[in-house]
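To keep things clear, I will list the structure first and then write my remarks on it.
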Amino acid sequence: MLYLKCTAEIQKVLKLSKASLAEAQPSTAPLGNWYINRFKVGRNNCFVFMSENTYLSFIMYQGKKPVTATTLPNMMLAGIAQLLEMRGYSDAAIDSALTPYHSGLFAKTDSRSVLGVLNDLVVCYRAMIEVDGGLQSCNLTDIIMKINAMPQRTLQWTHAWDAVQAKLGNPESKH
C-alpha cells in the first residue's frame, strides 16, 4: 500500500476533499510513503516527490494536460522507476521498490519534520533550476542527481542515495 501524503496545495490541485483523505499508516515498502508538493518555476508547475524514509526526491513538470488524482500516482511511479534506472538499479531492484505500491491512497502530510525537508528541497530545486537558466535550458537529470547526493542533517549527514542503497542494495553501476 502506498500513501501519497499531499500538501494542502496538492489537495487543492487534485480537488481532494478532507473526507477522501485516508489516515496514513507506516509503510513496509523499501522507499516508504511519499510526500508531494508543487511549486512554480517561471510559468511551469513542478511537482516534487519525496520518499518519507529515504528523502529520495525528484521533480516532474506539468505538461499541457492537467494533473489529476488519477494521473498523479502513475506519474510518480514512472518517475521513481526512471530515477532508479538512471542511477543504475536493476529491473529486479526497481520491481522490489515498486511492487508494494500496487494500490494507493491519498493522505495529508503528518510530519512537520519531513515536510520541512520537502520544503528545503523545493528551495534547492528552484534555485538550481534558475541558476542553470530555467527549465528550458537546465539539465534536470543532473540537478535531481545532485540534490539526492546532498548530505542531509536528518539522515545523520549521509544523503538520499545512501538511504536508498541501505534499502535496495547497490546499483549495478556507480554514477
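Each chain in the C-alpha cells gets a letter, A, B, ..., in the order shown, and its residues are numbered from 1; ligands are numbered from 1 in order too.
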Check which residues of range 32-109 of chain A sit at most 7 Å from range 17-23 of chain A using only C-alpha atoms, and return one row each with the closest pair of atoms and their distance in Å to one decimal, ordered by chain and rising number, as a tab-separated table.
```
residue	atom	partner	partner_atom	distance
A:Leu105	CA	A:Ala22	CA	6.4
A:Phe106	CA	A:Leu21	CA	5.3
A:Ala107	CA	A:Leu21	CA	4.7
A:Lys108	CA	A:Leu21	CA	6.6
```
- Message: For the structure I just gave you, how does DSSP split range 78-170 of chain A - specifically, which residues are strand (DSSP E or B)? Reply as a ChimeraX atom specification.
- Response: /A:104-108,152,158
- Shell around Ile59 in chain A at 12 Å using only C-alpha atoms, local window under 2 positions removed, as a ChimeraX atom specification: /A:35-41,44-50,56-57,61-62,75-76,78-80,82-83,118,121-122,124-126,129,135,140-145,147-148
Each residue of range 26-64 of chain A lying at most 10 Å from range 149-159 of chain A should get a row with its shortest atom-to-atom pair and the distance in Å to one decimal, counting only C-alpha atoms; could you produce that, ordered by chain and increasing number, as JSON lines?
```
{"residue": "A:Asn53", "atom": "CA", "partner": "A:Leu155", "partner_atom": "CA", "distance": 9.3}
{"residue": "A:Thr54", "atom": "CA", "partner": "A:Leu155", "partner_atom": "CA", "distance": 8.1}
{"residue": "A:Tyr55", "atom": "CA", "partner": "A:His159", "partner_atom": "CA", "distance": 8.1}
{"residue": "A:Leu56", "atom": "CA", "partner": "A:His159", "partner_atom": "CA", "distance": 8.5}
```
Those same residues, written as a short mmCIF file (atom, residue, chain, number, x, y, z; two decimals), in the first residue's frame with all heavy atoms?
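Contents of the output file out_16.cif:
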```cif
data_model
loop_
_atom_site.label_atom_id
_atom_site.label_comp_id
_atom_site.auth_asym_id
_atom_site.auth_seq_id
_atom_site.Cartn_x
_atom_site.Cartn_y
_atom_site.Cartn_z
N ASN A 53 11.01 8.02 4.02
CA ASN A 53 12.05 7.47 4.88
C ASN A 53 13.45 7.50 4.29
O ASN A 53 14.41 7.25 5.02
CB ASN A 53 11.68 6.07 5.37
CG ASN A 53 11.48 5.07 4.27
OD1 ASN A 53 11.68 5.38 3.10
ND2 ASN A 53 11.09 3.86 4.63
N THR A 54 13.61 7.82 3.00
CA THR A 54 14.98 7.94 2.45
C THR A 54 15.27 9.36 1.99
O THR A 54 16.42 9.69 1.74
CB THR A 54 15.18 7.00 1.24
OG1 THR A 54 14.32 7.42 0.17
CG2 THR A 54 14.95 5.56 1.60
N TYR A 55 14.24 10.18 1.85
CA TYR A 55 14.33 11.54 1.31
C TYR A 55 14.77 11.56 -0.15
O TYR A 55 15.16 12.60 -0.67
CB TYR A 55 15.22 12.45 2.15
CG TYR A 55 14.73 12.62 3.58
CD1 TYR A 55 15.62 12.78 4.62
CD2 TYR A 55 13.37 12.62 3.88
CE1 TYR A 55 15.17 12.93 5.93
CE2 TYR A 55 12.93 12.76 5.18
CZ TYR A 55 13.83 12.92 6.20
OH TYR A 55 13.38 13.07 7.47
N LEU A 56 14.71 10.41 -0.83
CA LEU A 56 14.94 10.39 -2.26
C LEU A 56 13.88 11.28 -2.90
O LEU A 56 12.71 11.20 -2.53
CB LEU A 56 14.81 8.96 -2.80
CG LEU A 56 15.06 8.79 -4.31
CD1 LEU A 56 16.53 9.05 -4.63
CD2 LEU A 56 14.65 7.40 -4.76
#
```
- Message: What's around Leu14 in chain A at 9 Å? Count only C-alpha atoms, leave out sequence neighbours fewer than 6 positions away in its own chain, and write the answer as a PyMOL selection string.
- Response: chain A and resi 67-70+72
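Residue nearest Val164 in chain A, chosen from A:Asn33, A:Ser111, A:Gln136, A:Ser51 and counting only C-alpha atoms: A:Ser51.
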- Message: Given only C-alpha atoms as the basis, pick out the residue of A:Pro66, A:Leu115, A:Arg43, A:Asn74 nearest to Lys5 in chain A.
- Response: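 Smallest distance to Lys5 in chain A is found for A:Leu115.
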- Message: I need the alpha helix (DSSP H) residues of range 5-173 of chain A per DSSP on the backbone, written as a PyMOL selection string.
- Response: chain A and resi 8-13+71-87+91-98+112-131+140-148+160-168
- How far is it from CA of Ser137 in chain A to CA of Gly116 in chain A, in Å with one decimal?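 These two atoms are separated by 28.4 Å.
Across the model, the gap from CA of Ile10 in chain A to CA of Gly63 in chain A is 16.2 Å.
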- Message: Excluding Ser90 in chain A and its own-chain neighbours fewer than 3 positions away, which residues fall within 8 Å of it when counting only C-alpha atoms? Please give them as a list of chain:residue names.
- Response: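 So the residues in contact are A:Glu85, A:Ala93, A:Ile94, A:Pro171, A:Glu172.
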Generate a file of the selected residues that holds N, CA and C atoms, formatted as a short mmCIF file (atom, residue, chain, number, x, y, z; two decimals), in the first residue's frame.
```cif
data_model
loop_
_atom_site.label_atom_id
_atom_site.label_comp_id
_atom_site.auth_asym_id
_atom_site.auth_seq_id
_atom_site.Cartn_x
_atom_site.Cartn_y
_atom_site.Cartn_z
N GLU A 85 16.42 3.69 -12.42
CA GLU A 85 17.09 3.18 -13.63
C GLU A 85 18.29 4.06 -13.99
N ALA A 93 15.62 -4.83 -8.75
CA ALA A 93 15.64 -3.89 -7.63
C ALA A 93 14.51 -2.86 -7.78
N ILE A 94 14.30 -2.40 -9.00
CA ILE A 94 13.22 -1.44 -9.25
C ILE A 94 11.87 -2.09 -8.96
N PRO A 171 23.46 -0.18 -6.62
CA PRO A 171 23.06 -0.19 -8.03
C PRO A 171 24.05 -1.02 -8.83
N GLU A 172 23.66 -1.41 -10.05
CA GLU A 172 24.54 -2.24 -10.87
C GLU A 172 25.82 -1.52 -11.24
#
```
- Query: If you measure from CA of Ser113 in chain A to CA of Glu52 in chain A, what distance in Å do you get, rounded to one decimal?
  - Reply: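 These atoms are spaced 10.2 Å apart.
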